[in-house]
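To start, the structure itself, in structure tokens.
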Amino acid sequence: MAKTKTRDRMNNEINAGSMADIAFLLLIFFLVTTTIAEDKGILVKLPPWSDEEPDITKLKERNVFSVLVNAQNQLLVRDEPARIGELRERAKEFIMNPTRRPDLAEGPRNAIISLKNDRGTDYETYLAVYNELKGAYDDLWNEESLKRYGEPYSEEMPFAQRKAIRDDIPMVLSEAEPTNFGEEN
Amino acid sequence: MAKFSKKRGKSSPAISTASLPDIIFMLLFFFMMVTVLRDSDLKLQVNTPEATQLTKLDEKSLVNYIYIGRPTQQYQAVYGTSPRIQLGDKISTVDDIPLFLEQHKVKLPEAKRSRITSSLRVDGEVTMGIVQDVKTKLRKSNQLKINYSAGQRTQALD
């Protein structure tokens, strides 16, 4: 009988007061080690490597939009100096050629953008230029998609619709082997 | 007036903290889910540039990271100040890239191997020479899906 008496006296519940402290400790550990920053970037598909020299097929000059970046991070677009800020609009006009100018691309299927940089070009400048050229295509796809399907171009669209747009406005961005005038280390 | 003081006197002052652990656990689980333990210690100074046409890389296990930048202050005595490449947690040269890619590849099931992406985390100040060498090596190793890691740009270009 005495035994039951002690059991009665005992508090049967475990004190959960320190549970919050333990949880806090773990929480703070994970807070400190967390890097929520997700990885974003410009996705690029490189051409496969081939040892042969690229075959220089005769391209009409009007179909090539050449962009050169030198070691001083200056741009030469179709043999004229240019700024990065105007690149996107010029590329879009070149690809679509809405006013049928004789010096711009025959059509979006024929347009080729050629990018060439120097080994001394800053990566930042290179990426800004690449971003603008990719942006020009993204903008055109968006406009085309809105016109055809009434929704902006996105990865969630049906594959057939995306393919139809990309067939009509294919992204042809060719990168030439860079020149080597201004590499510094 | 009497009415108010009466009420205040009656109510119990302590708020129950019994549900506090539950709330904390909820937060804890959230952070456990989103946490990626930092796997490599960066020996280079890498400030990726900003861009607008970004794509999100979804499956982290399919991505390998190549860092390019100048060594940080504490490593300059060992590695110098010119731009270097870091693979995993050690400073390497371009010739180590094929092995690095292979080591990442064998850990993945065969069906997923075609979707491997190399994320290039390159400092904005670095010149294109070293980046070009890495790109050439990647092409030769048949690793063609790459991602130029960049932050979101908010202001317009000049």
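In the structure tokens, chains take letters A, B, ... by order of appearance, with residues numbered from 1 within each chain and ligands from 1 in the order shown.
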
_For a quick test of understanding: name the residues of chain B lying within 8 Å of chain A when counting only C-alpha atoms, and present them as a VMD selection string._
chain B and resid 18 20 to 21 24 to 25 27 to 28 31 to 32 34 to 38 49 to 57 82 to 83 122 to 132 136 139 to 140 142 144 to 151 157 to 158

Could you write those residues out with C-alpha atoms, as a PDB file, in the first residue's frame?
```
ATOM      1  CA  ALA B  18       2.564  24.449 -24.233  1.00  0.00           C
ATOM      2  CA  LEU B  20       5.579  26.813 -28.260  1.00  0.00           C
ATOM      3  CA  PRO B  21       7.615  23.664 -28.959  1.00  0.00           C
ATOM      4  CA  ILE B  24       9.438  25.900 -33.068  1.00  0.00           C
ATOM      5  CA  PHE B  25       9.425  22.373 -34.461  1.00  0.00           C
ATOM      6  CA  LEU B  27      10.074  26.210 -38.168  1.00  0.00           C
ATOM      7  CA  LEU B  28      12.785  23.659 -37.547  1.00  0.00           C
ATOM      8  CA  PHE B  31      14.661  24.963 -42.310  1.00  0.00           C
ATOM      9  CA  MET B  32      15.742  21.330 -42.330  1.00  0.00           C
ATOM     10  CA  VAL B  34      15.463  23.908 -47.362  1.00  0.00           C
ATOM     11  CA  THR B  35      18.942  23.471 -45.956  1.00  0.00           C
ATOM     12  CA  VAL B  36      21.799  22.466 -48.170  1.00  0.00           C
ATOM     13  CA  LEU B  37      24.876  21.912 -46.103  1.00  0.00           C
ATOM     14  CA  ARG B  38      27.732  23.855 -47.555  1.00  0.00           C
ATOM     15  CA  PRO B  49      27.824  39.316 -62.389  1.00  0.00           C
ATOM     16  CA  GLU B  50      24.195  40.260 -62.842  1.00  0.00           C
ATOM     17  CA  ALA B  51      21.909  39.374 -65.712  1.00  0.00           C
ATOM     18  CA  THR B  52      18.220  39.298 -66.586  1.00  0.00           C
ATOM     19  CA  GLN B  53      17.554  36.217 -68.734  1.00  0.00           C
ATOM     20  CA  LEU B  54      17.941  33.719 -65.919  1.00  0.00           C
ATOM     21  CA  THR B  55      16.924  30.105 -65.630  1.00  0.00           C
ATOM     22  CA  LYS B  56      16.591  28.334 -62.335  1.00  0.00           C
ATOM     23  CA  LEU B  57      18.556  25.146 -61.874  1.00  0.00           C
ATOM     24  CA  SER B  82      46.094  35.437 -60.857  1.00  0.00           C
ATOM     25  CA  PRO B  83      42.705  33.819 -61.606  1.00  0.00           C
ATOM     26  CA  VAL B 122      32.911  33.075 -62.397  1.00  0.00           C
ATOM     27  CA  ASP B 123      33.985  36.339 -60.865  1.00  0.00           C
ATOM     28  CA  GLY B 124      32.956  39.334 -62.972  1.00  0.00           C
ATOM     29  CA  GLU B 125      36.462  40.814 -62.980  1.00  0.00           C
ATOM     30  CA  VAL B 126      38.136  37.742 -64.456  1.00  0.00           C
ATOM     31  CA  THR B 127      39.146  37.970 -68.092  1.00  0.00           C
ATOM     32  CA  MET B 128      37.720  35.585 -70.679  1.00  0.00           C
ATOM     33  CA  GLY B 129      40.979  33.730 -71.338  1.00  0.00           C
ATOM     34  CA  ILE B 130      40.651  31.284 -68.466  1.00  0.00           C
ATOM     35  CA  VAL B 131      36.894  30.976 -68.974  1.00  0.00           C
ATOM     36  CA  GLN B 132      37.511  30.117 -72.605  1.00  0.00           C
ATOM     37  CA  THR B 136      36.998  24.332 -74.487  1.00  0.00           C
ATOM     38  CA  ARG B 139      33.373  20.778 -74.928  1.00  0.00           C
ATOM     39  CA  LYS B 140      36.167  18.263 -75.336  1.00  0.00           C
ATOM     40  CA  ASN B 142      31.381  16.336 -73.987  1.00  0.00           C
ATOM     41  CA  LEU B 144      27.774  20.678 -73.178  1.00  0.00           C
ATOM     42  CA  LYS B 145      25.072  21.880 -70.815  1.00  0.00           C
ATOM     43  CA  ILE B 146      26.499  24.758 -68.885  1.00  0.00           C
ATOM     44  CA  ASN B 147      25.097  27.534 -66.823  1.00  0.00           C
ATOM     45  CA  TYR B 148      26.709  30.907 -66.287  1.00  0.00           C
ATOM     46  CA  SER B 149      25.727  31.559 -62.720  1.00  0.00           C
ATOM     47  CA  ALA B 150      24.448  35.096 -62.246  1.00  0.00           C
ATOM     48  CA  GLY B 151      22.347  37.206 -59.963  1.00  0.00           C
ATOM     49  CA  LEU B 157      21.799  49.007 -68.590  1.00  0.00           C
ATOM     50  CA  ASP B 158      23.272  52.259 -69.843  1.00  0.00           C
TER      51      ASP B 158
END
```

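From CA of Val69 in chain A back to CA of Val172 in chain A, the distance works out to 18.3 Å.
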
Residues of range 52-129 of chain B in alpha helix (DSSP H) according to DSSP, as a compact mmCIF listing (two decimals) with N, CA and C atoms, in the first residue's frame?
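Result file states_10.txt:
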```txt
# COMPACT_ATOMS: atom_id res chain seq x y z
N GLN B 76 46.47 33.69 -51.02
CA GLN B 76 47.31 34.32 -52.04
C GLN B 76 48.77 33.92 -51.92
N ALA B 77 49.20 33.66 -50.69
CA ALA B 77 50.59 33.25 -50.49
C ALA B 77 50.88 31.92 -51.17
N VAL B 78 49.88 31.04 -51.19
CA VAL B 78 50.07 29.71 -51.77
C VAL B 78 49.79 29.70 -53.27
N TYR B 79 48.68 30.35 -53.67
CA TYR B 79 48.22 30.21 -55.06
C TYR B 79 48.44 31.44 -55.92
N ILE B 97 39.67 18.90 -65.03
CA ILE B 97 38.22 18.96 -65.24
C ILE B 97 37.62 17.63 -65.69
N PRO B 98 38.20 16.92 -66.67
CA PRO B 98 37.58 15.65 -67.09
C PRO B 98 37.40 14.67 -65.95
N LEU B 99 38.41 14.55 -65.09
CA LEU B 99 38.31 13.64 -63.95
C LEU B 99 37.23 14.09 -62.98
N PHE B 100 37.18 15.39 -62.75
CA PHE B 100 36.17 15.95 -61.86
C PHE B 100 34.76 15.65 -62.36
N LEU B 101 34.56 15.82 -63.67
CA LEU B 101 33.25 15.54 -64.27
C LEU B 101 32.90 14.07 -64.14
N GLU B 102 33.91 13.22 -64.37
CA GLU B 102 33.69 11.78 -64.31
C GLU B 102 33.31 11.35 -62.89
N GLN B 103 34.00 11.93 -61.91
CA GLN B 103 33.71 11.59 -60.51
C GLN B 103 32.29 11.97 -60.12
N HIS B 104 31.82 13.07 -60.67
CA HIS B 104 30.44 13.47 -60.39
C HIS B 104 29.46 12.56 -61.12
N LYS B 105 29.83 12.17 -62.32
CA LYS B 105 28.94 11.40 -63.17
C LYS B 105 28.67 10.00 -62.60
N MET B 128 38.33 36.73 -70.00
CA MET B 128 37.72 35.58 -70.68
C MET B 128 38.71 34.46 -71.00
N GLY B 129 39.99 34.74 -70.96
CA GLY B 129 40.98 33.73 -71.34
C GLY B 129 40.79 32.42 -70.60
```

*asked:* Between CA of Ser119 in chain B and CA of Gln143 in chain B, what is the distance in Å, rounded to a tenth?
replied: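 That distance, rounded to one decimal, is 11.0 Å.
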
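Interatomic distance, CA of Met171 in chain A against CA of Lys60 in chain B: 26.9 Å.
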
*asked:* List the spatial neighbours of range 140-155 of chain A as a PyMOL selection string - criterion: any atom at most 10 Å away, only C-alpha atoms, same-chain residues fewer than 4 positions off excluded.
replied: chain A and resi 92-93+95-96+108+134-136+159+161-162+164-166+168-171

Just N, CA and C atoms for this one: save the residues we selected as a JSON list (two decimals), in the first residue's frame.
```json
[["chain", "number", "residue", "atom", "x", "y", "z"],
["A", 92, "LYS", "N", 16.99, 42.54, -82.18],
["A", 92, "LYS", "CA", 15.61, 42.20, -82.48],
["A", 92, "LYS", "C", 15.20, 42.71, -83.85],
["A", 93, "GLU", "N", 15.62, 43.97, -84.13],
["A", 93, "GLU", "CA", 15.28, 44.55, -85.42],
["A", 93, "GLU", "C", 15.96, 43.77, -86.55],
["A", 95, "ILE", "N", 16.87, 40.57, -86.54],
["A", 95, "ILE", "CA", 16.31, 39.23, -86.73],
["A", 95, "ILE", "C", 14.97, 39.29, -87.47],
["A", 96, "MET", "N", 14.09, 40.15, -87.01],
["A", 96, "MET", "CA", 12.74, 40.17, -87.58],
["A", 96, "MET", "C", 12.68, 40.98, -88.87],
["A", 108, "PRO", "N", 13.79, 35.58, -89.93],
["A", 108, "PRO", "CA", 14.34, 35.04, -88.68],
["A", 108, "PRO", "C", 15.03, 33.68, -88.84],
["A", 134, "LYS", "N", 20.68, 36.88, -75.84],
["A", 134, "LYS", "CA", 19.70, 35.88, -75.46],
["A", 134, "LYS", "C", 18.36, 36.56, -75.17],
["A", 135, "GLY", "N", 18.45, 37.73, -74.55],
["A", 135, "GLY", "CA", 17.25, 38.49, -74.22],
["A", 135, "GLY", "C", 16.47, 38.87, -75.47],
["A", 136, "ALA", "N", 17.20, 39.20, -76.55],
["A", 136, "ALA", "CA", 16.54, 39.56, -77.80],
["A", 136, "ALA", "C", 15.68, 38.39, -78.28],
["A", 159, "PHE", "N", 4.81, 21.31, -75.47],
["A", 159, "PHE", "CA", 6.06, 21.20, -76.21],
["A", 159, "PHE", "C", 5.89, 21.58, -77.68],
["A", 161, "GLN", "N", 3.87, 23.67, -79.06],
["A", 161, "GLN", "CA", 3.78, 25.12, -79.26],
["A", 161, "GLN", "C", 5.15, 25.76, -79.16],
["A", 162, "ARG", "N", 5.92, 25.30, -78.18],
["A", 162, "ARG", "CA", 7.27, 25.86, -78.02],
["A", 162, "ARG", "C", 8.12, 25.56, -79.25],
["A", 164, "ALA", "N", 7.09, 24.99, -82.27],
["A", 164, "ALA", "CA", 6.64, 25.75, -83.43],
["A", 164, "ALA", "C", 7.28, 27.13, -83.44],
["A", 165, "ILE", "N", 7.32, 27.74, -82.26],
["A", 165, "ILE", "CA", 7.91, 29.08, -82.19],
["A", 165, "ILE", "C", 9.41, 29.02, -82.43],
["A", 166, "ARG", "N", 10.04, 28.03, -81.83],
["A", 166, "ARG", "CA", 11.50, 27.95, -81.96],
["A", 166, "ARG", "C", 11.93, 27.52, -83.36],
["A", 168, "ASP", "N", 10.35, 28.65, -86.03],
["A", 168, "ASP", "CA", 10.21, 29.85, -86.85],
["A", 168, "ASP", "C", 11.25, 30.90, -86.50],
["A", 169, "ILE", "N", 11.60, 30.98, -85.23],
["A", 169, "ILE", "CA", 12.65, 31.91, -84.82],
["A", 169, "ILE", "C", 13.74, 31.11, -84.11],
["A", 170, "PRO", "N", 14.56, 30.41, -84.86],
["A", 170, "PRO", "CA", 15.57, 29.60, -84.18],
["A", 170, "PRO", "C", 16.69, 30.48, -83.63],
["A", 171, "MET", "N", 17.19, 30.08, -82.46],
["A", 171, "MET", "CA", 18.26, 30.87, -81.86],
["A", 171, "MET", "C", 19.60, 30.35, -82.40]]
```

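In this comparison, which uses only C-alpha atoms, the residue of B:Leu42, B:Ala111, B:Leu120, B:Val134 approaching Gly88 in chain B most closely is B:Leu42.
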